[in-house]
Every structure is written in C-alpha cells, then in structure tokens.
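The block underneath contains the structure these notes are about, expressed in structure tokens.
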Amino acid sequence: PLPADLDRPRLWVDRAFAWNPPQIPPPAGAFDGVDFVVHLAGENVAGRWTSRKKRAILESRKSATRSLVDAMRKLSATPRAMVSASGIGYFGDRGDEALTEASGPGSDFLAEVCKAWEHEAAAARSAGVRVAPLRLGLVLGEGGGVLGKLAPMFRFGLGGPLGSGRQWWSWIHIDDVVGLIRFALENGVDEPLCAAAPHPVTQAEFARALA
C-alpha cells in the first residue's frame with residue numbers, strides 16, 4: 001500500500017536506476033519490493049513534426065512500453081498495477097462531440113500513437129498486472145509542460161488564437177494528474193481514464209485566459 005502520509009511535502013526517493021530503452025531493458029533490481037509502476041516515458045511531442053520526429057514520438061512510446069512490460073513478465077513477483085501515460089489524442093479531432101473513456105479512437109497520427117501505446121501497456125495484463133492508461137489532456141503547472149512552452153510567447157505579446165480558435169483544448173493541473181494516478185493505483189482501476197478537467201475550453205478562450 002502507499003504510505004499513509006504521502007500527502008505530506010516530502011521526497012520519496014529510495015534508489016535510482018538508469019534505463020535507456022530500447023537499447024537496454026529496465027534493471028530487474030528496479031522492481032524489488034515494487035507494488036506499483038507509473039510509466040511516463042516518451043519523446044516530447046513539442047517541436048516540428050518532421051518524419052524523423054514523428055517516428056521518434058511513436059517508437060519511443062512503443063519500444064519503452066514493450067521493454068518495460070517484457071521486464072515485468074520475467075519477474076517472479078510482478079507489480080500489482082501499472083499506470084501508463086497516454087493522451088486525449090487517442091480520440092482524434094472530433095469537433096464538438098462529447099467524448100468519454102468509452103468513445104472509440106480517432107484515425108490521425110496522435111490517435112495511432114496512443115492506440116499503439118495503450119496496446120503495448122495492455123500486454124502487462126497477461127502477467128496479472130492491472131493496467132490503467134491515463135489519457136492526458138494539456139498538463140498545466142509551474143516550471144514546465146505546456147505553460148513552459150507558451151508563457152514566454154505570451155509575455156512578448158505573441159500569443160493568441162490559432163486558426164479559427166474554436167478547437168477544443170482539454171486541460172488538467174499537474175496536482176490532479178498526481179491525484180488520478182494515486183486513485184487508479186489505490187482503487188483497482190483496470191481500464192483507461194481520461195485525465196482532463198470537466199470543463200474544456202476553446203483554444204481562443206485558453207489564449208485569453210493565459211494572456
């Protein structure tokens with residue numbers, strides 16, 4: 001079980017291991033005494049999507065997840081559960097359609113990436129590991145993430161609507177991401193979760209708020 005006082009501001013670091021997927025598998029020692037795995041590895045999607053960049057975005061997620069699952073399958077005592085990052089890109093661009101965890105996938109590049117990512121993570125179930133893919137919206141918080149990329153442009157007056165500005169932007173605060181991860185681990189979740197606040201905004205509304 002998770003420590004009862006996990007909510008207290010404190011750094012929980014026991015040991016660290018180097019892992020460079022897919023060149024090397026995760027060290028078996030990294031799983032000693034581990035009940036839960038939180039898998040967030042993958043190429044940053046920010047940047048110009050050249051063919052090489054898109055390949056890195058897809059393959060980093062597929063290969064890292066496959067390597068992680070293969071390592072867990074070989075353990076004599078597997079973790080109880082894994083939360084594996086995914087994204088709301090799973091659904092593709094669906095306009096004003098209201099989407100839930102039960103909605104089917106899209107067919108664009110990010111949807112294909114998320115489908116492949118979740119497929120690799122789901123293979124851990126064959127080893128008796130619960131798997132909860134976390135379909136993340138735009139994660140907001142100080143010191144990095146989406147705001148780390150956008151805030152400097154807005155400070156220089158370069159922010160604003162993109163295209164029509166009517167694109168829906170589902171967002172979530174980093175504290176709520178951590179809360180959802182904990183919820184999934186502690187409550188037997190064995191299916192995808194949409195990690196997004198209940199009130200998405202259009203890109204134009206987001207730009208106004210950030211400005």
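By convention in this document, the chains of the structure tokens carry letters A, B, ... by their order, each chain's residues are numbered from 1, and ligands are numbered from 1 in the order they are shown.
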
Near-stretch 20-27 of chain A list (10 Å; only C-alpha atoms; drop same-chain fewer than 3 positions) as a list in words: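 In the requested form, the answer reads Phe17, Ala30, Phe31, Asp32, Ala41, Gly42, Glu59, Ser60, Arg61, Lys62, Ser63, Ala64, Thr65, Arg66, Ser67, Leu68, Val69, Asp70, Ala71 and Met72 of chain A.
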
Go ahead and write the residues just picked, N, CA, C and O atoms, as a PDB file, in the first residue's frame.
ATOM      1  N   PHE A  17      17.758   3.985 -10.919  1.00  0.00           N
ATOM      2  CA  PHE A  17      18.388   3.098 -11.887  1.00  0.00           C
ATOM      3  C   PHE A  17      18.381   3.767 -13.254  1.00  0.00           C
ATOM      4  O   PHE A  17      17.415   4.433 -13.613  1.00  0.00           O
ATOM      5  N   ALA A  30      15.276  -2.837 -10.175  1.00  0.00           N
ATOM      6  CA  ALA A  30      14.404  -1.676 -10.034  1.00  0.00           C
ATOM      7  C   ALA A  30      13.014  -2.064  -9.549  1.00  0.00           C
ATOM      8  O   ALA A  30      12.267  -1.222  -9.052  1.00  0.00           O
ATOM      9  N   PHE A  31      12.665  -3.349  -9.684  1.00  0.00           N
ATOM     10  CA  PHE A  31      11.323  -3.799  -9.311  1.00  0.00           C
ATOM     11  C   PHE A  31      11.269  -4.440  -7.932  1.00  0.00           C
ATOM     12  O   PHE A  31      10.198  -4.851  -7.487  1.00  0.00           O
ATOM     13  N   ASP A  32      12.407  -4.525  -7.258  1.00  0.00           N
ATOM     14  CA  ASP A  32      12.423  -5.165  -5.946  1.00  0.00           C
ATOM     15  C   ASP A  32      11.508  -4.426  -4.972  1.00  0.00           C
ATOM     16  O   ASP A  32      11.686  -3.224  -4.711  1.00  0.00           O
ATOM     17  N   ALA A  41       7.377   7.488 -19.825  1.00  0.00           N
ATOM     18  CA  ALA A  41       8.468   7.741 -20.781  1.00  0.00           C
ATOM     19  C   ALA A  41       7.940   7.917 -22.198  1.00  0.00           C
ATOM     20  O   ALA A  41       6.990   7.262 -22.618  1.00  0.00           O
ATOM     21  N   GLY A  42       8.585   8.810 -22.949  1.00  0.00           N
ATOM     22  CA  GLY A  42       8.240   9.013 -24.351  1.00  0.00           C
ATOM     23  C   GLY A  42       8.844  10.291 -24.879  1.00  0.00           C
ATOM     24  O   GLY A  42       9.045  11.260 -24.138  1.00  0.00           O
ATOM     25  N   GLU A  59       7.861   5.477 -31.878  1.00  0.00           N
ATOM     26  CA  GLU A  59       8.698   4.350 -31.486  1.00  0.00           C
ATOM     27  C   GLU A  59       9.168   4.445 -30.039  1.00  0.00           C
ATOM     28  O   GLU A  59       9.333   3.428 -29.368  1.00  0.00           O
ATOM     29  N   SER A  60       9.384   5.662 -29.542  1.00  0.00           N
ATOM     30  CA  SER A  60       9.816   5.783 -28.145  1.00  0.00           C
ATOM     31  C   SER A  60       8.747   5.245 -27.205  1.00  0.00           C
ATOM     32  O   SER A  60       9.051   4.591 -26.200  1.00  0.00           O
ATOM     33  N   ARG A  61       7.499   5.487 -27.525  1.00  0.00           N
ATOM     34  CA  ARG A  61       6.419   5.008 -26.680  1.00  0.00           C
ATOM     35  C   ARG A  61       6.217   3.495 -26.827  1.00  0.00           C
ATOM     36  O   ARG A  61       6.052   2.789 -25.841  1.00  0.00           O
ATOM     37  N   LYS A  62       6.228   3.022 -28.042  1.00  0.00           N
ATOM     38  CA  LYS A  62       6.042   1.588 -28.257  1.00  0.00           C
ATOM     39  C   LYS A  62       7.188   0.779 -27.651  1.00  0.00           C
ATOM     40  O   LYS A  62       6.971  -0.181 -26.914  1.00  0.00           O
ATOM     41  N   SER A  63       8.423   1.193 -27.963  1.00  0.00           N
ATOM     42  CA  SER A  63       9.574   0.383 -27.537  1.00  0.00           C
ATOM     43  C   SER A  63       9.780   0.441 -26.031  1.00  0.00           C
ATOM     44  O   SER A  63      10.069  -0.578 -25.395  1.00  0.00           O
ATOM     45  N   ALA A  64       9.628   1.632 -25.430  1.00  0.00           N
ATOM     46  CA  ALA A  64       9.818   1.749 -23.981  1.00  0.00           C
ATOM     47  C   ALA A  64       8.770   0.937 -23.236  1.00  0.00           C
ATOM     48  O   ALA A  64       9.078   0.234 -22.261  1.00  0.00           O
ATOM     49  N   THR A  65       7.520   1.007 -23.686  1.00  0.00           N
ATOM     50  CA  THR A  65       6.453   0.281 -23.007  1.00  0.00           C
ATOM     51  C   THR A  65       6.633  -1.225 -23.176  1.00  0.00           C
ATOM     52  O   THR A  65       6.469  -1.999 -22.220  1.00  0.00           O
ATOM     53  N   ARG A  66       6.991  -1.651 -24.376  1.00  0.00           N
ATOM     54  CA  ARG A  66       7.215  -3.081 -24.616  1.00  0.00           C
ATOM     55  C   ARG A  66       8.357  -3.599 -23.753  1.00  0.00           C
ATOM     56  O   ARG A  66       8.265  -4.682 -23.160  1.00  0.00           O
ATOM     57  N   SER A  67       9.444  -2.820 -23.669  1.00  0.00           N
ATOM     58  CA  SER A  67      10.586  -3.223 -22.863  1.00  0.00           C
ATOM     59  C   SER A  67      10.214  -3.327 -21.388  1.00  0.00           C
ATOM     60  O   SER A  67      10.610  -4.267 -20.687  1.00  0.00           O
ATOM     61  N   LEU A  68       9.430  -2.374 -20.914  1.00  0.00           N
ATOM     62  CA  LEU A  68       9.003  -2.372 -19.517  1.00  0.00           C
ATOM     63  C   LEU A  68       8.122  -3.584 -19.214  1.00  0.00           C
ATOM     64  O   LEU A  68       8.309  -4.281 -18.205  1.00  0.00           O
ATOM     65  N   VAL A  69       7.173  -3.851 -20.091  1.00  0.00           N
ATOM     66  CA  VAL A  69       6.264  -4.986 -19.881  1.00  0.00           C
ATOM     67  C   VAL A  69       7.024  -6.309 -19.956  1.00  0.00           C
ATOM     68  O   VAL A  69       6.801  -7.216 -19.147  1.00  0.00           O
ATOM     69  N   ASP A  70       7.936  -6.429 -20.918  1.00  0.00           N
ATOM     70  CA  ASP A  70       8.734  -7.659 -21.024  1.00  0.00           C
ATOM     71  C   ASP A  70       9.520  -7.915 -19.745  1.00  0.00           C
ATOM     72  O   ASP A  70       9.631  -9.056 -19.281  1.00  0.00           O
ATOM     73  N   ALA A  71      10.061  -6.842 -19.163  1.00  0.00           N
ATOM     74  CA  ALA A  71      10.826  -6.987 -17.920  1.00  0.00           C
ATOM     75  C   ALA A  71       9.924  -7.441 -16.780  1.00  0.00           C
ATOM     76  O   ALA A  71      10.300  -8.301 -15.972  1.00  0.00           O
ATOM     77  N   MET A  72       8.715  -6.897 -16.701  1.00  0.00           N
ATOM     78  CA  MET A  72       7.794  -7.281 -15.628  1.00  0.00           C
ATOM     79  C   MET A  72       7.346  -8.731 -15.767  1.00  0.00           C
ATOM     80  O   MET A  72       7.161  -9.438 -14.784  1.00  0.00           O
TER      81      MET A  72
END

Stretch 47-95 of chain A near stretch 176-181 of chain A within 12 Å: what's each residue's closest atom pair and its distance in Å to one decimal, counting only C-alpha atoms, ordered by chain then ascending residue number, as a Markdown table?
| residue | atom | partner | partner_atom | distance |
| --- | --- | --- | --- | --- |
| A:Ala81 | CA | A:Ile181 | CA | 10.9 |
| A:Met82 | CA | A:Ile181 | CA | 9.4 |
| A:Val83 | CA | A:Ile181 | CA | 6.7 |
| A:Ser84 | CA | A:Ile181 | CA | 9.3 |
| A:Ala85 | CA | A:Ile181 | CA | 9.7 |

Put those residues in a file: N, CA and C atoms, as an mmCIF file, in the first residue's frame.
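What ended up in part06.cif:
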data_model
loop_
_atom_site.group_PDB
_atom_site.id
_atom_site.type_symbol
_atom_site.label_atom_id
_atom_site.label_comp_id
_atom_site.auth_asym_id
_atom_site.auth_seq_id
_atom_site.Cartn_x
_atom_site.Cartn_y
_atom_site.Cartn_z
ATOM 1 N N ALA A 81 -0.022 -3.259 -10.160
ATOM 2 C CA ALA A 81 -0.702 -2.395 -11.123
ATOM 3 C C ALA A 81 0.297 -1.461 -11.799
ATOM 4 N N MET A 82 -0.092 -1.011 -12.995
ATOM 5 C CA MET A 82 0.708 -0.027 -13.726
ATOM 6 C C MET A 82 -0.213 1.056 -14.273
ATOM 7 N N VAL A 83 0.140 2.292 -14.026
ATOM 8 C CA VAL A 83 -0.472 3.428 -14.708
ATOM 9 C C VAL A 83 0.480 3.810 -15.828
ATOM 10 N N SER A 84 -0.021 3.807 -17.052
ATOM 11 C CA SER A 84 0.807 4.119 -18.215
ATOM 12 C C SER A 84 0.244 5.346 -18.918
ATOM 13 N N ALA A 85 1.090 6.319 -19.161
ATOM 14 C CA ALA A 85 0.636 7.540 -19.817
ATOM 15 C C ALA A 85 0.098 7.236 -21.209
#

Expressed in Å to a single decimal, how great is the separation between atom CA of A:Phe109 and atom CA of A:Gly95?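 Here the two named atoms are 16.5 Å from each other.
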
Write down as a ChimeraX atom specification the residues of stretch 9-206 of chain A whose backbone DSSP state falls under helix (DSSP H, G or I). /A:28-31,51-73,88-91,109-127,145-155,174-186,203-206

Using only C-alpha atoms, can you tell me which of A:Gly144, A:Gly33, A:Gly104, A:Pro200 comes closest to A:Pro79?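 Using only C-alpha atoms, A:Pro79 sits closest to A:Gly33.
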
Counting only C-alpha atoms, the option among A:Ala127, A:Ile172, A:Ile88, A:Val146 closest to A:Ala197: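 Using only C-alpha atoms, A:Ala197 sits closest to A:Ile172.
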
Report as a short mmCIF file (atom, residue, chain, number, x, y, z; two decimals) with N, CA, C and O atoms, in the first residue's frame all protein, DNA and RNA residues lying within 12 Å of A:Ser103, evaluated on only C-alpha atoms, omitting residues in the same chain fewer than 6 positions from it.
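As written to disk, result_2.cif reads:
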data_model
loop_
_atom_site.label_atom_id
_atom_site.label_comp_id
_atom_site.auth_asym_id
_atom_site.auth_seq_id
_atom_site.Cartn_x
_atom_site.Cartn_y
_atom_site.Cartn_z
N ILE A 88 -5.18 12.36 -24.71
CA ILE A 88 -6.50 12.56 -25.29
C ILE A 88 -6.43 12.59 -26.82
O ILE A 88 -7.46 12.53 -27.49
N TYR A 90 -5.82 10.21 -28.37
CA TYR A 90 -6.43 8.92 -28.69
C TYR A 90 -7.72 9.09 -29.48
O TYR A 90 -8.05 8.29 -30.36
N PHE A 91 -8.47 10.15 -29.17
CA PHE A 91 -9.80 10.33 -29.76
C PHE A 91 -9.77 11.03 -31.11
O PHE A 91 -10.78 11.06 -31.81
N GLY A 92 -8.65 11.63 -31.48
CA GLY A 92 -8.58 12.38 -32.72
C GLY A 92 -9.37 13.68 -32.63
O GLY A 92 -9.87 14.07 -31.57
N ARG A 94 -12.54 15.52 -33.09
CA ARG A 94 -13.96 15.15 -33.22
C ARG A 94 -14.89 16.36 -33.10
O ARG A 94 -16.08 16.20 -32.82
N GLU A 97 -18.12 16.94 -30.48
CA GLU A 97 -18.61 15.70 -29.91
C GLU A 97 -18.09 15.53 -28.48
O GLU A 97 -16.91 15.70 -28.21
N PRO A 192 -8.89 2.48 -19.12
CA PRO A 192 -8.40 3.85 -19.36
C PRO A 192 -9.14 4.88 -18.51
O PRO A 192 -10.32 4.71 -18.17
N LEU A 193 -8.42 5.96 -18.18
CA LEU A 193 -9.00 7.12 -17.52
C LEU A 193 -8.69 8.36 -18.35
O LEU A 193 -7.56 8.54 -18.80
N CYS A 194 -9.70 9.21 -18.54
CA CYS A 194 -9.46 10.50 -19.19
C CYS A 194 -8.98 11.48 -18.13
O CYS A 194 -9.71 11.79 -17.19
#

So which residues of stretch 29-207 of chain A fall under strand (DSSP E) by DSSP, listed as a ChimeraX atom specification? /A:36-39,81-87,130-136,138-140,168-169,171-173,193-195,201-202

Distance query A:Trp171 at most 12 Å, only C-alpha atoms, self and fewer than 5 positions along chain excluded, as a PyMOL selection string: chain A and resi 87-88+135-141+145-147+176-177+194-203+206

Nearest to A:Ile174 among A:Trp49, A:Cys114, A:Gly143, A:Thr78, with distances taken over only C-alpha atoms: which residue is it?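 Once distances to A:Ile174 are computed over only C-alpha atoms, the minimum belongs to A:Gly143.
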
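The nearest approach to A:Lys54 among the residues A:Arg15, A:Glu112, A:Gly29, A:Ala102, with only C-alpha atoms taken into account, belongs to A:Glu112.
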
Restricting the calculation to only C-alpha atoms, which member of A:Ser86, A:Thr100, A:Ser170, A:Ser107 is positioned closest to A:Val131? A:Ser86

Point-to-point distance in Å for atom CA of A:Asp35 and atom CA of A:Pro133: 16.9 Å

Give me the residues within 9 Å of A:Leu162 as number ranges by chain, counting only C-alpha atoms and dropping any in the same chain fewer than 4 places off. A: 166-167, 203-204, 207

Hey, can you check how far atom CA of A:Phe156 sits from atom CA of A:Arg208? 14.4 Å
